[in-house]
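Containing mmCIF, C-alpha atoms: input-v9.cif.
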```
data_protein
loop_
_atom_site.group_PDB
_atom_site.id
_atom_site.type_symbol
_atom_site.label_atom_id
_atom_site.label_comp_id
_atom_site.auth_asym_id
_atom_site.auth_seq_id
_atom_site.Cartn_x
_atom_site.Cartn_y
_atom_site.Cartn_z
ATOM 1 C CA MET A 1 148.327 93.788 81.887
ATOM 2 C CA ALA A 2 146.715 91.701 79.159
ATOM 3 C CA THR A 3 146.989 88.565 81.306
ATOM 4 C CA ARG A 4 145.284 90.291 84.237
ATOM 5 C CA THR A 5 142.458 91.479 81.986
ATOM 6 C CA ARG A 6 141.882 87.986 80.603
ATOM 7 C CA ARG A 7 141.805 86.556 84.132
ATOM 8 C CA SER A 8 139.288 89.188 85.198
ATOM 9 C CA GLN A 9 137.083 88.372 82.243
ATOM 10 C CA ARG A 10 137.199 84.639 82.985
ATOM 11 C CA ARG A 11 136.352 85.302 86.638
ATOM 12 C CA THR A 12 133.412 87.515 85.688
ATOM 13 C CA GLU A 13 132.051 84.888 83.312
ATOM 14 C CA ALA A 14 132.449 82.068 85.838
ATOM 15 C CA LEU A 15 130.675 83.868 88.672
ATOM 16 C CA SER A 16 127.714 86.012 87.697
ATOM 17 C CA ARG A 17 125.953 88.597 89.816
ATOM 18 C CA GLU A 18 122.800 86.500 89.568
ATOM 19 C CA ARG A 19 124.544 83.460 91.070
ATOM 20 C CA ILE A 20 125.929 85.582 93.910
ATOM 21 C CA VAL A 21 122.460 86.963 94.680
ATOM 22 C CA GLU A 22 120.995 83.455 94.542
ATOM 23 C CA ALA A 23 123.578 82.208 97.039
ATOM 24 C CA ALA A 24 122.924 85.229 99.260
ATOM 25 C CA ILE A 25 119.197 84.413 99.321
ATOM 26 C CA GLU A 26 120.013 80.828 100.289
ATOM 27 C CA LEU A 27 122.151 82.053 103.193
ATOM 28 C CA LEU A 28 119.506 84.550 104.293
ATOM 29 C CA ASP A 29 116.822 81.857 104.256
ATOM 30 C CA ALA A 30 119.012 79.505 106.266
ATOM 31 C CA ALA A 31 120.471 81.873 108.865
ATOM 32 C CA GLY A 32 118.948 85.331 108.505
ATOM 33 C CA GLU A 33 120.771 88.585 107.946
ATOM 34 C CA SER A 34 123.464 87.764 110.497
ATOM 35 C CA GLY A 35 124.303 84.625 108.525
ATOM 36 C CA LEU A 36 125.000 86.541 105.351
ATOM 37 C CA THR A 37 128.713 87.297 105.481
ATOM 38 C CA PHE A 38 131.224 87.494 102.682
ATOM 39 C CA ARG A 39 133.136 84.660 104.330
ATOM 40 C CA ALA A 40 130.056 82.411 104.255
ATOM 41 C CA LEU A 41 129.326 83.522 100.703
ATOM 42 C CA THR A 42 132.816 82.704 99.458
ATOM 43 C CA GLU A 43 132.582 79.260 101.061
ATOM 44 C CA ARG A 44 129.199 78.554 99.472
ATOM 45 C CA LEU A 45 130.401 79.724 96.060
ATOM 46 C CA ALA A 46 133.848 78.124 96.406
ATOM 47 C CA THR A 47 135.565 81.316 95.343
ATOM 48 C CA GLY A 48 137.586 84.167 96.782
ATOM 49 C CA PRO A 49 136.214 87.471 98.096
ATOM 50 C CA GLY A 50 137.726 89.367 95.190
ATOM 51 C CA ALA A 51 135.475 87.572 92.733
ATOM 52 C CA ILE A 52 132.412 88.610 94.749
ATOM 53 C CA TYR A 53 133.530 92.216 95.167
ATOM 54 C CA TRP A 54 133.873 92.343 91.398
ATOM 55 C CA HIS A 55 130.051 92.198 91.250
ATOM 56 C CA VAL A 56 128.823 93.724 94.541
ATOM 57 C CA ALA A 57 130.510 96.450 96.546
ATOM 58 C CA ASN A 58 129.291 95.596 100.045
ATOM 59 C CA LYS A 59 126.713 93.753 102.145
ATOM 60 C CA GLY A 60 124.184 96.562 101.844
ATOM 61 C CA GLU A 61 124.193 96.317 98.066
ATOM 62 C CA LEU A 62 123.916 92.543 98.290
ATOM 63 C CA LEU A 63 120.903 92.731 100.648
ATOM 64 C CA GLY A 64 119.228 95.195 98.302
ATOM 65 C CA ALA A 65 119.829 92.949 95.308
ATOM 66 C CA ALA A 66 118.520 89.887 97.163
ATOM 67 C CA THR A 67 115.398 91.777 98.242
ATOM 68 C CA ASP A 68 114.766 93.009 94.720
ATOM 69 C CA ALA A 69 115.240 89.546 93.212
ATOM 70 C CA VAL A 70 112.704 87.949 95.591
ATOM 71 C CA VAL A 71 110.175 90.763 95.074
ATOM 72 C CA ALA A 72 110.569 90.625 91.294
ATOM 73 C CA ALA A 73 109.929 86.876 91.287
ATOM 74 C CA ALA A 74 106.871 87.300 93.523
ATOM 75 C CA LEU A 75 105.366 89.965 91.278
ATOM 76 C CA ALA A 76 106.118 88.091 88.059
ATOM 77 C CA ALA A 77 104.461 84.857 89.224
ATOM 78 C CA GLU A 78 101.296 83.723 87.480
ATOM 79 C CA PRO A 79 98.284 84.497 89.703
ATOM 80 C CA ALA A 80 96.792 81.397 91.285
ATOM 81 C CA ALA A 81 93.178 80.639 90.456
ATOM 82 C CA SER A 82 92.383 80.899 94.149
ATOM 83 C CA ALA A 83 93.427 84.540 94.096
ATOM 84 C CA LYS A 84 90.633 85.393 91.673
ATOM 85 C CA SER A 85 87.046 86.308 92.338
ATOM 86 C CA PRO A 86 84.254 86.384 89.725
ATOM 87 C CA GLU A 87 82.810 89.559 91.217
ATOM 88 C CA PRO A 88 84.456 92.875 92.111
ATOM 89 C CA ALA A 89 85.431 93.312 95.728
ATOM 90 C CA GLY A 90 82.466 93.977 97.959
ATOM 91 C CA PRO A 91 82.016 94.955 101.580
ATOM 92 C CA ALA A 92 81.350 91.347 102.559
ATOM 93 C CA GLY A 93 85.029 90.440 102.070
ATOM 94 C CA PRO A 94 86.777 88.268 99.491
ATOM 95 C CA ALA A 95 84.500 86.302 97.219
ATOM 96 C CA GLU A 96 86.781 83.333 96.828
ATOM 97 C CA SER A 97 89.434 83.258 99.489
ATOM 98 C CA PRO A 98 91.873 80.422 98.939
ATOM 99 C CA GLU A 99 92.280 77.573 101.333
ATOM 100 C CA ALA A 100 95.311 77.887 103.567
ATOM 101 C CA PRO A 101 97.185 75.148 105.382
ATOM 102 C CA GLU A 102 96.497 74.573 109.050
ATOM 103 C CA SER A 103 99.789 76.257 109.795
ATOM 104 C CA ALA A 104 98.423 79.692 108.989
ATOM 105 C CA GLY A 105 97.185 81.884 111.806
ATOM 106 C CA PRO A 106 98.009 85.036 113.709
ATOM 107 C CA ALA A 107 100.408 85.041 116.592
ATOM 108 C CA GLY A 108 100.350 81.275 116.511
ATOM 109 C CA PRO A 109 103.266 78.899 116.843
ATOM 110 C CA ALA A 110 105.821 78.122 114.181
ATOM 111 C CA GLU A 111 103.993 78.716 110.934
ATOM 112 C CA SER A 112 101.096 80.754 112.357
ATOM 113 C CA ALA A 113 100.861 84.517 112.478
ATOM 114 C CA GLU A 114 98.468 87.472 112.741
ATOM 115 C CA THR A 115 98.044 88.873 109.282
ATOM 116 C CA ALA A 116 96.071 91.997 109.946
ATOM 117 C CA GLY A 117 99.045 94.209 110.722
ATOM 118 C CA PRO A 118 98.630 97.975 110.805
ATOM 119 C CA ALA A 119 98.874 99.660 107.479
ATOM 120 C CA GLU A 120 101.512 102.004 108.788
ATOM 121 C CA ALA A 121 103.849 99.067 109.373
ATOM 122 C CA ALA A 122 104.911 99.406 105.764
ATOM 123 C CA GLY A 123 106.350 102.814 106.402
ATOM 124 C CA PRO A 124 105.201 106.431 106.224
ATOM 125 C CA ALA A 125 103.002 107.736 103.484
ATOM 126 C CA GLU A 126 106.079 108.793 101.572
ATOM 127 C CA SER A 127 107.253 105.200 101.400
ATOM 128 C CA ALA A 128 105.469 104.583 98.162
ATOM 129 C CA GLY A 129 107.765 105.751 95.415
ATOM 130 C CA PRO A 130 106.358 107.182 92.204
ATOM 131 C CA ALA A 131 105.830 104.749 89.394
ATOM 132 C CA GLU A 132 108.296 106.673 87.288
ATOM 133 C CA ALA A 133 111.211 106.073 89.657
ATOM 134 C CA ALA A 134 114.061 104.270 87.965
ATOM 135 C CA GLY A 135 115.710 101.104 89.211
ATOM 136 C CA PRO A 136 119.379 100.263 88.878
ATOM 137 C CA ALA A 137 120.630 98.706 85.684
ATOM 138 C CA GLU A 138 121.848 95.667 87.589
ATOM 139 C CA SER A 139 118.336 94.716 88.721
ATOM 140 C CA ALA A 140 117.803 90.977 88.789
ATOM 141 C CA GLU A 141 114.705 91.357 86.637
ATOM 142 C CA SER A 142 113.894 93.482 83.624
ATOM 143 C CA PRO A 143 111.408 96.394 83.944
ATOM 144 C CA GLU A 144 108.778 94.206 82.307
ATOM 145 C CA ALA A 145 108.802 92.036 85.415
ATOM 146 C CA ALA A 146 107.478 94.911 87.510
ATOM 147 C CA GLY A 147 103.933 93.561 87.405
ATOM 148 C CA PRO A 148 102.499 90.052 87.567
ATOM 149 C CA ALA A 149 100.985 88.402 84.530
ATOM 150 C CA VAL A 150 97.390 89.394 85.293
ATOM 151 C CA SER A 151 96.229 90.911 82.029
ATOM 152 C CA ALA A 152 93.591 88.205 81.524
ATOM 153 C CA GLY A 153 91.798 88.985 84.794
ATOM 154 C CA SER A 154 90.128 91.997 86.311
ATOM 155 C CA PRO A 155 92.139 94.711 88.085
ATOM 156 C CA GLN A 156 90.771 93.367 91.375
ATOM 157 C CA ASP A 157 92.146 89.933 90.496
ATOM 158 C CA GLY A 158 95.455 91.521 89.610
ATOM 159 C CA ILE A 159 95.698 93.257 92.966
ATOM 160 C CA ARG A 160 94.809 90.049 94.815
ATOM 161 C CA ALA A 161 97.497 88.201 92.878
ATOM 162 C CA ILE A 162 100.084 90.853 93.730
ATOM 163 C CA ALA A 163 99.042 90.782 97.365
ATOM 164 C CA LEU A 164 99.228 87.002 97.654
ATOM 165 C CA GLY A 165 102.532 86.871 95.786
ATOM 166 C CA LEU A 166 104.109 89.270 98.270
ATOM 167 C CA PHE A 167 102.401 87.575 101.229
ATOM 168 C CA ASP A 168 103.819 84.208 100.198
ATOM 169 C CA ALA A 169 107.283 85.619 99.502
ATOM 170 C CA ILE A 170 107.477 87.292 102.911
ATOM 171 C CA GLU A 171 106.255 84.115 104.594
ATOM 172 C CA GLU A 172 108.793 81.987 102.692
ATOM 173 C CA HIS A 173 111.709 84.350 103.321
ATOM 174 C CA PRO A 174 111.510 85.521 106.972
ATOM 175 C CA TRP A 175 114.259 88.131 106.455
ATOM 176 C CA LEU A 176 112.344 89.857 103.667
ATOM 177 C CA ALA A 177 109.924 91.843 105.852
ATOM 178 C CA SER A 178 112.650 93.834 107.629
ATOM 179 C CA GLN A 179 114.552 94.394 104.393
ATOM 180 C CA LEU A 180 111.418 95.745 102.718
ATOM 181 C CA MET A 181 110.940 98.172 105.585
ATOM 182 C CA THR A 182 114.556 99.288 105.207
ATOM 183 C CA GLN A 183 114.203 99.726 101.453
ATOM 184 C CA LEU A 184 110.929 101.636 101.720
ATOM 185 C CA SER A 185 112.215 103.861 104.527
ATOM 186 C CA HIS A 186 115.676 104.691 103.213
ATOM 187 C CA SER A 187 115.964 103.778 99.529
ATOM 188 C CA LEU A 188 112.871 104.896 97.636
ATOM 189 C CA TRP A 189 115.013 105.570 94.570
ATOM 190 C CA GLU A 190 116.212 101.962 94.392
ATOM 191 C CA THR A 191 114.294 99.288 92.505
ATOM 192 C CA VAL A 192 112.111 97.674 95.161
ATOM 193 C CA ALA A 193 109.706 100.518 96.016
ATOM 194 C CA PRO A 194 109.026 101.546 92.392
ATOM 195 C CA ARG A 195 108.644 97.903 91.381
ATOM 196 C CA ILE A 196 105.881 97.228 93.913
ATOM 197 C CA PHE A 197 104.276 100.645 93.421
ATOM 198 C CA GLU A 198 104.212 100.175 89.654
ATOM 199 C CA SER A 199 102.590 96.747 89.916
ATOM 200 C CA VAL A 200 99.787 97.942 92.204
ATOM 201 C CA GLY A 201 99.462 101.279 90.433
ATOM 202 C CA ARG A 202 98.824 99.748 87.027
ATOM 203 C CA GLN A 203 95.850 97.874 88.454
ATOM 204 C CA ILE A 204 94.565 100.997 90.205
ATOM 205 C CA ARG A 205 94.709 102.853 86.900
ATOM 206 C CA ALA A 206 92.902 99.961 85.178
ATOM 207 C CA LEU A 207 90.096 100.225 87.768
ATOM 208 C CA GLY A 208 89.324 103.667 86.425
ATOM 209 C CA VAL A 209 90.514 105.565 89.485
ATOM 210 C CA PRO A 210 90.972 109.275 88.672
ATOM 211 C CA GLU A 211 94.622 110.262 88.249
ATOM 212 C CA SER A 212 94.388 112.653 91.194
ATOM 213 C CA SER A 213 93.725 109.634 93.457
ATOM 214 C CA TRP A 214 96.316 107.226 92.022
ATOM 215 C CA PHE A 215 98.959 107.936 94.637
ATOM 216 C CA ALA A 216 96.604 107.731 97.628
ATOM 217 C CA ALA A 217 94.858 104.545 96.485
ATOM 218 C CA THR A 218 98.073 102.769 95.517
ATOM 219 C CA SER A 219 99.796 103.809 98.744
ATOM 220 C CA ALA A 220 96.905 102.556 100.873
ATOM 221 C CA LEU A 221 96.998 99.127 99.256
ATOM 222 C CA MET A 222 100.781 98.916 99.302
ATOM 223 C CA HIS A 223 100.953 99.854 102.978
ATOM 224 C CA TYR A 224 98.294 97.322 103.946
ATOM 225 C CA ILE A 225 99.789 94.480 101.900
ATOM 226 C CA LEU A 226 103.314 94.939 103.204
ATOM 227 C CA GLY A 227 102.220 95.783 106.736
ATOM 228 C CA ALA A 228 99.918 92.774 107.110
ATOM 229 C CA ALA A 229 102.317 90.373 105.419
ATOM 230 C CA GLY A 230 105.187 91.700 107.503
ATOM 231 C CA GLN A 231 103.187 91.295 110.705
ATOM 232 C CA ASN A 232 102.403 87.733 109.683
ATOM 233 C CA ALA A 233 106.105 86.974 109.236
ATOM 234 C CA THR A 234 107.045 88.658 112.531
ATOM 235 C CA ASN A 235 104.440 86.748 114.491
ATOM 236 C CA ALA A 236 105.401 83.486 112.845
ATOM 237 C CA ALA A 237 109.031 84.039 113.798
ATOM 238 C CA SER A 238 108.055 84.832 117.385
ATOM 239 C CA ALA A 239 105.772 81.825 117.553
ATOM 240 C CA ARG A 240 108.594 79.492 116.599
ATOM 241 C CA THR A 241 110.224 80.289 119.931
ATOM 242 C CA LEU A 242 107.278 78.666 121.746
ATOM 243 C CA GLY A 243 108.485 75.215 120.775
ATOM 244 C CA PRO A 244 106.992 72.390 118.715
ATOM 245 C CA GLU A 245 104.762 71.240 121.569
ATOM 246 C CA VAL A 246 102.565 74.341 121.227
ATOM 247 C CA ASP A 247 100.434 73.874 118.117
ATOM 248 C CA ARG A 248 98.370 76.531 116.423
ATOM 249 C CA ALA A 249 94.953 75.315 117.537
ATOM 250 C CA ARG A 250 95.999 75.173 121.179
ATOM 251 C CA PHE A 251 97.635 78.585 121.043
ATOM 252 C CA LEU A 252 94.647 80.293 119.432
ATOM 253 C CA ASP A 253 92.223 78.550 121.744
ATOM 254 C CA ALA A 254 94.157 79.842 124.751
ATOM 255 C CA ALA A 255 94.211 83.368 123.309
ATOM 256 C CA SER A 256 90.495 83.256 122.493
ATOM 257 C CA THR A 257 89.668 82.001 125.978
ATOM 258 C CA ALA A 258 91.736 84.815 127.508
ATOM 259 C CA TRP A 259 89.843 87.386 125.434
ATOM 260 C CA GLU A 260 86.498 85.907 126.449
ATOM 261 C CA GLN A 261 87.458 86.347 130.102
ATOM 262 C CA LEU A 262 88.315 90.043 129.801
ATOM 263 C CA ASP A 263 86.305 92.588 131.771
ATOM 264 C CA PRO A 264 83.019 93.044 129.843
ATOM 265 C CA ASP A 265 82.865 96.739 130.725
ATOM 266 C CA ASP A 266 86.381 97.519 129.495
ATOM 267 C CA TYR A 267 86.544 95.127 126.526
ATOM 268 C CA PRO A 268 83.033 94.524 125.154
ATOM 269 C CA PHE A 269 84.163 94.476 121.527
ATOM 270 C CA THR A 270 87.194 92.241 122.041
ATOM 271 C CA ARG A 271 85.064 89.750 123.963
ATOM 272 C CA ALA A 272 82.488 89.763 121.149
ATOM 273 C CA VAL A 273 85.034 88.775 118.469
ATOM 274 C CA ALA A 274 87.038 86.359 120.616
ATOM 275 C CA GLY A 275 85.428 83.365 118.950
ATOM 276 C CA GLN A 276 86.513 84.608 115.513
ATOM 277 C CA LEU A 277 90.130 84.563 116.606
ATOM 278 C CA ARG A 278 89.902 80.855 117.358
ATOM 279 C CA GLY A 279 90.756 78.822 114.250
ATOM 280 C CA HIS A 280 90.521 81.659 111.720
ATOM 281 C CA ASP A 281 92.381 81.483 108.396
ATOM 282 C CA ASP A 282 95.311 83.861 107.842
ATOM 283 C CA ARG A 283 95.098 84.008 104.087
ATOM 284 C CA GLU A 284 91.351 84.537 104.163
ATOM 285 C CA GLN A 285 91.776 87.368 106.637
ATOM 286 C CA PHE A 286 94.551 88.919 104.563
ATOM 287 C CA LEU A 287 92.458 88.905 101.393
ATOM 288 C CA ALA A 288 89.458 90.252 103.305
ATOM 289 C CA GLY A 289 91.547 93.287 104.207
ATOM 290 C CA VAL A 290 92.601 93.749 100.576
ATOM 291 C CA ASP A 291 88.972 93.550 99.488
ATOM 292 C CA LEU A 292 87.831 96.033 102.123
ATOM 293 C CA ILE A 293 90.274 98.580 100.720
ATOM 294 C CA LEU A 294 89.219 97.734 97.156
ATOM 295 C CA SER A 295 85.579 98.210 98.157
ATOM 296 C CA GLY A 296 86.339 101.705 99.383
ATOM 297 C CA ILE A 297 88.289 102.531 96.230
ATOM 298 C CA THR A 298 85.627 101.258 93.845
ATOM 299 C CA ALA A 299 82.814 102.898 95.847
ATOM 300 C CA SER A 300 84.528 106.267 95.374
ATOM 301 C CA LEU A 301 84.821 105.931 91.580
ATOM 302 C CA PRO A 302 82.872 108.468 89.547
ATOM 303 C CA ALA A 303 79.639 107.188 88.026
ATOM 304 C CA ARG A 304 79.934 106.021 84.449
#
```

Rewritten as structure tokens:
Amino acid sequence: MATRTRRSQRRTEALSRERIVEAAIELLDAAGESGLTFRALTERLATGPGAIYWHVANKGELLGAATDAVVAAALAAEPAASAKSPEPAGPAGPAESPEAPESAGPAGPAESAETAGPAEAAGPAESAGPAEAAGPAESAESPEAAGPAVSAGSPQDGIRAIALGLFDAIEEHPWLASQLMTQLSHSLWETVAPRIFESVGRQIRALGVPESSWFAATSALMHYILGAAGQNATNAASARTLGPEVDRARFLDAASTAWEQLDPDDYPFTRAVAGQLRGHDDREQFLAGVDLILSGITASLPAR
């Protein structure tokens, strides 16, 4: 019995939960959810399945841990200077939208995608868990990592940093969007939903929003951020099937031209904005949506 215990201890020390989650993320990035199997994981870690089961019970738990680890890292990242604006959000859109690479764009090929996804894509209104919800003890990050390091900036800057951190994480990890939807729809009591809700909610509170409006304001931002970023990832994945010969500029030009040729009686508005679709910037559009919501929130604040 003593020998078995010592072997178990050595195995636990040699293979940590964090290393298993890291390897799982690598597999998910390379081959998607279908590529994450315990067989592939044991091969990557050069170990047996028993050593992995010592730390995680099943694939569902592993997917949840991988999702939480990526989200925690995204929220803990230092906000980029390009995410900040010297003035509060106004109706004109983001004051200083960062430059994005040519690859960004909605429904475009390979790296391009439409960012302005419907807010409801993030899940029903109940998807935003209360800030007080507790995460599991095994979380990859400590509770202090729930929010990004944005204390030096304004609450608006903090929200932009959170939004861009999640946008970038979902773009970098194509599997993350569907896992976030799963977590927000079925596992509100796990770590992911409270972690995101807490990060956004702290900034909403710092804006001076009345407590009675905390849940609604935080939910609106959370739904938009995850919905738009998820739509971007979905469109990018679909665009990759078009092949390398279809570049973003050509794709968007064709889409814009098709809109311009729609029936003017049935589609007057779509025809009017067709030119804006051509060559627009994903990140700029994403931040413009964040700022539109912030404008509504700040406009509703009580006079001081």

Point-to-point distance from atom CA of Ile170 of chain A to atom CA of Ala229 of chain A, Å rounded to tenths: 6.5 Å

Extract, using all atoms listed in the file, all DNA, RNA and protein residues at most 9 Å from Pro302 of chain A, discarding same-chain residues fewer than 2 positions from it, and format them as a PyMOL selection string. chain A and resi 208-210+298-300+304

Taking (118.9, 90.3, 98.3) in the file's coordinates as the center, which residues reach within 12 Å of it, counting all atoms listed in the file, put as a PyMOL selection string? chain A and resi 17-29+32-33+36+56+58-73+139-140+173+175-180+183+191-192

Those same residues - C-alpha atoms - I'd like them written as a PDB file, in the coordinates of the input.
```pdb
ATOM      1  CA  ARG A  17     125.953  88.597  89.816  1.00  0.00           C
ATOM      2  CA  GLU A  18     122.800  86.500  89.568  1.00  0.00           C
ATOM      3  CA  ARG A  19     124.544  83.460  91.070  1.00  0.00           C
ATOM      4  CA  ILE A  20     125.929  85.582  93.910  1.00  0.00           C
ATOM      5  CA  VAL A  21     122.460  86.963  94.680  1.00  0.00           C
ATOM      6  CA  GLU A  22     120.995  83.455  94.542  1.00  0.00           C
ATOM      7  CA  ALA A  23     123.578  82.208  97.039  1.00  0.00           C
ATOM      8  CA  ALA A  24     122.924  85.229  99.260  1.00  0.00           C
ATOM      9  CA  ILE A  25     119.197  84.413  99.321  1.00  0.00           C
ATOM     10  CA  GLU A  26     120.013  80.828 100.289  1.00  0.00           C
ATOM     11  CA  LEU A  27     122.151  82.053 103.193  1.00  0.00           C
ATOM     12  CA  LEU A  28     119.506  84.550 104.293  1.00  0.00           C
ATOM     13  CA  ASP A  29     116.822  81.857 104.256  1.00  0.00           C
ATOM     14  CA  GLY A  32     118.948  85.331 108.505  1.00  0.00           C
ATOM     15  CA  GLU A  33     120.771  88.585 107.946  1.00  0.00           C
ATOM     16  CA  LEU A  36     125.000  86.541 105.351  1.00  0.00           C
ATOM     17  CA  VAL A  56     128.823  93.724  94.541  1.00  0.00           C
ATOM     18  CA  ASN A  58     129.291  95.596 100.045  1.00  0.00           C
ATOM     19  CA  LYS A  59     126.713  93.753 102.145  1.00  0.00           C
ATOM     20  CA  GLY A  60     124.184  96.562 101.844  1.00  0.00           C
ATOM     21  CA  GLU A  61     124.193  96.317  98.066  1.00  0.00           C
ATOM     22  CA  LEU A  62     123.916  92.543  98.290  1.00  0.00           C
ATOM     23  CA  LEU A  63     120.903  92.731 100.648  1.00  0.00           C
ATOM     24  CA  GLY A  64     119.228  95.195  98.302  1.00  0.00           C
ATOM     25  CA  ALA A  65     119.829  92.949  95.308  1.00  0.00           C
ATOM     26  CA  ALA A  66     118.520  89.887  97.163  1.00  0.00           C
ATOM     27  CA  THR A  67     115.398  91.777  98.242  1.00  0.00           C
ATOM     28  CA  ASP A  68     114.766  93.009  94.720  1.00  0.00           C
ATOM     29  CA  ALA A  69     115.240  89.546  93.212  1.00  0.00           C
ATOM     30  CA  VAL A  70     112.704  87.949  95.591  1.00  0.00           C
ATOM     31  CA  VAL A  71     110.175  90.763  95.074  1.00  0.00           C
ATOM     32  CA  ALA A  72     110.569  90.625  91.294  1.00  0.00           C
ATOM     33  CA  ALA A  73     109.929  86.876  91.287  1.00  0.00           C
ATOM     34  CA  SER A 139     118.336  94.716  88.721  1.00  0.00           C
ATOM     35  CA  ALA A 140     117.803  90.977  88.789  1.00  0.00           C
ATOM     36  CA  HIS A 173     111.709  84.350 103.321  1.00  0.00           C
ATOM     37  CA  TRP A 175     114.259  88.131 106.455  1.00  0.00           C
ATOM     38  CA  LEU A 176     112.344  89.857 103.667  1.00  0.00           C
ATOM     39  CA  ALA A 177     109.924  91.843 105.852  1.00  0.00           C
ATOM     40  CA  SER A 178     112.650  93.834 107.629  1.00  0.00           C
ATOM     41  CA  GLN A 179     114.552  94.394 104.393  1.00  0.00           C
ATOM     42  CA  LEU A 180     111.418  95.745 102.718  1.00  0.00           C
ATOM     43  CA  GLN A 183     114.203  99.726 101.453  1.00  0.00           C
ATOM     44  CA  THR A 191     114.294  99.288  92.505  1.00  0.00           C
ATOM     45  CA  VAL A 192     112.111  97.674  95.161  1.00  0.00           C
TER      46      VAL A 192
END
```

Shortest interatomic distance to Ile204 of chain A - which of A:Ala163, A:Ala258, A:Ile297, A:Leu226, counting all atoms listed in the file: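 The answer is A:Ile297, which sits nearest to Ile204 of chain A.
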
Within 12 Å of Phe167 of chain A, counting only C-alpha atoms, which residues qualify if same-chain residues fewer than 6 places away don't, as a PDB file with C-alpha atoms, in the frame of the given file?
```pdb
ATOM      1  CA  VAL A  70     112.704  87.949  95.591  1.00  0.00           C
ATOM      2  CA  VAL A  71     110.175  90.763  95.074  1.00  0.00           C
ATOM      3  CA  ALA A  74     106.871  87.300  93.523  1.00  0.00           C
ATOM      4  CA  LEU A  75     105.366  89.965  91.278  1.00  0.00           C
ATOM      5  CA  ALA A  83      93.427  84.540  94.096  1.00  0.00           C
ATOM      6  CA  ALA A 104      98.423  79.692 108.989  1.00  0.00           C
ATOM      7  CA  ALA A 113     100.861  84.517 112.478  1.00  0.00           C
ATOM      8  CA  THR A 115      98.044  88.873 109.282  1.00  0.00           C
ATOM      9  CA  ALA A 116      96.071  91.997 109.946  1.00  0.00           C
ATOM     10  CA  ARG A 160      94.809  90.049  94.815  1.00  0.00           C
ATOM     11  CA  ALA A 161      97.497  88.201  92.878  1.00  0.00           C
ATOM     12  CA  HIS A 173     111.709  84.350 103.321  1.00  0.00           C
ATOM     13  CA  PRO A 174     111.510  85.521 106.972  1.00  0.00           C
ATOM     14  CA  LEU A 176     112.344  89.857 103.667  1.00  0.00           C
ATOM     15  CA  ALA A 177     109.924  91.843 105.852  1.00  0.00           C
ATOM     16  CA  MET A 222     100.781  98.916  99.302  1.00  0.00           C
ATOM     17  CA  TYR A 224      98.294  97.322 103.946  1.00  0.00           C
ATOM     18  CA  ILE A 225      99.789  94.480 101.900  1.00  0.00           C
ATOM     19  CA  LEU A 226     103.314  94.939 103.204  1.00  0.00           C
ATOM     20  CA  GLY A 227     102.220  95.783 106.736  1.00  0.00           C
ATOM     21  CA  ALA A 228      99.918  92.774 107.110  1.00  0.00           C
ATOM     22  CA  ALA A 229     102.317  90.373 105.419  1.00  0.00           C
ATOM     23  CA  GLY A 230     105.187  91.700 107.503  1.00  0.00           C
ATOM     24  CA  GLN A 231     103.187  91.295 110.705  1.00  0.00           C
ATOM     25  CA  ASN A 232     102.403  87.733 109.683  1.00  0.00           C
ATOM     26  CA  ALA A 233     106.105  86.974 109.236  1.00  0.00           C
ATOM     27  CA  ASP A 282      95.311  83.861 107.842  1.00  0.00           C
ATOM     28  CA  ARG A 283      95.098  84.008 104.087  1.00  0.00           C
ATOM     29  CA  GLU A 284      91.351  84.537 104.163  1.00  0.00           C
ATOM     30  CA  GLN A 285      91.776  87.368 106.637  1.00  0.00           C
ATOM     31  CA  PHE A 286      94.551  88.919 104.563  1.00  0.00           C
ATOM     32  CA  LEU A 287      92.458  88.905 101.393  1.00  0.00           C
ATOM     33  CA  VAL A 290      92.601  93.749 100.576  1.00  0.00           C
TER      34      VAL A 290
END
```
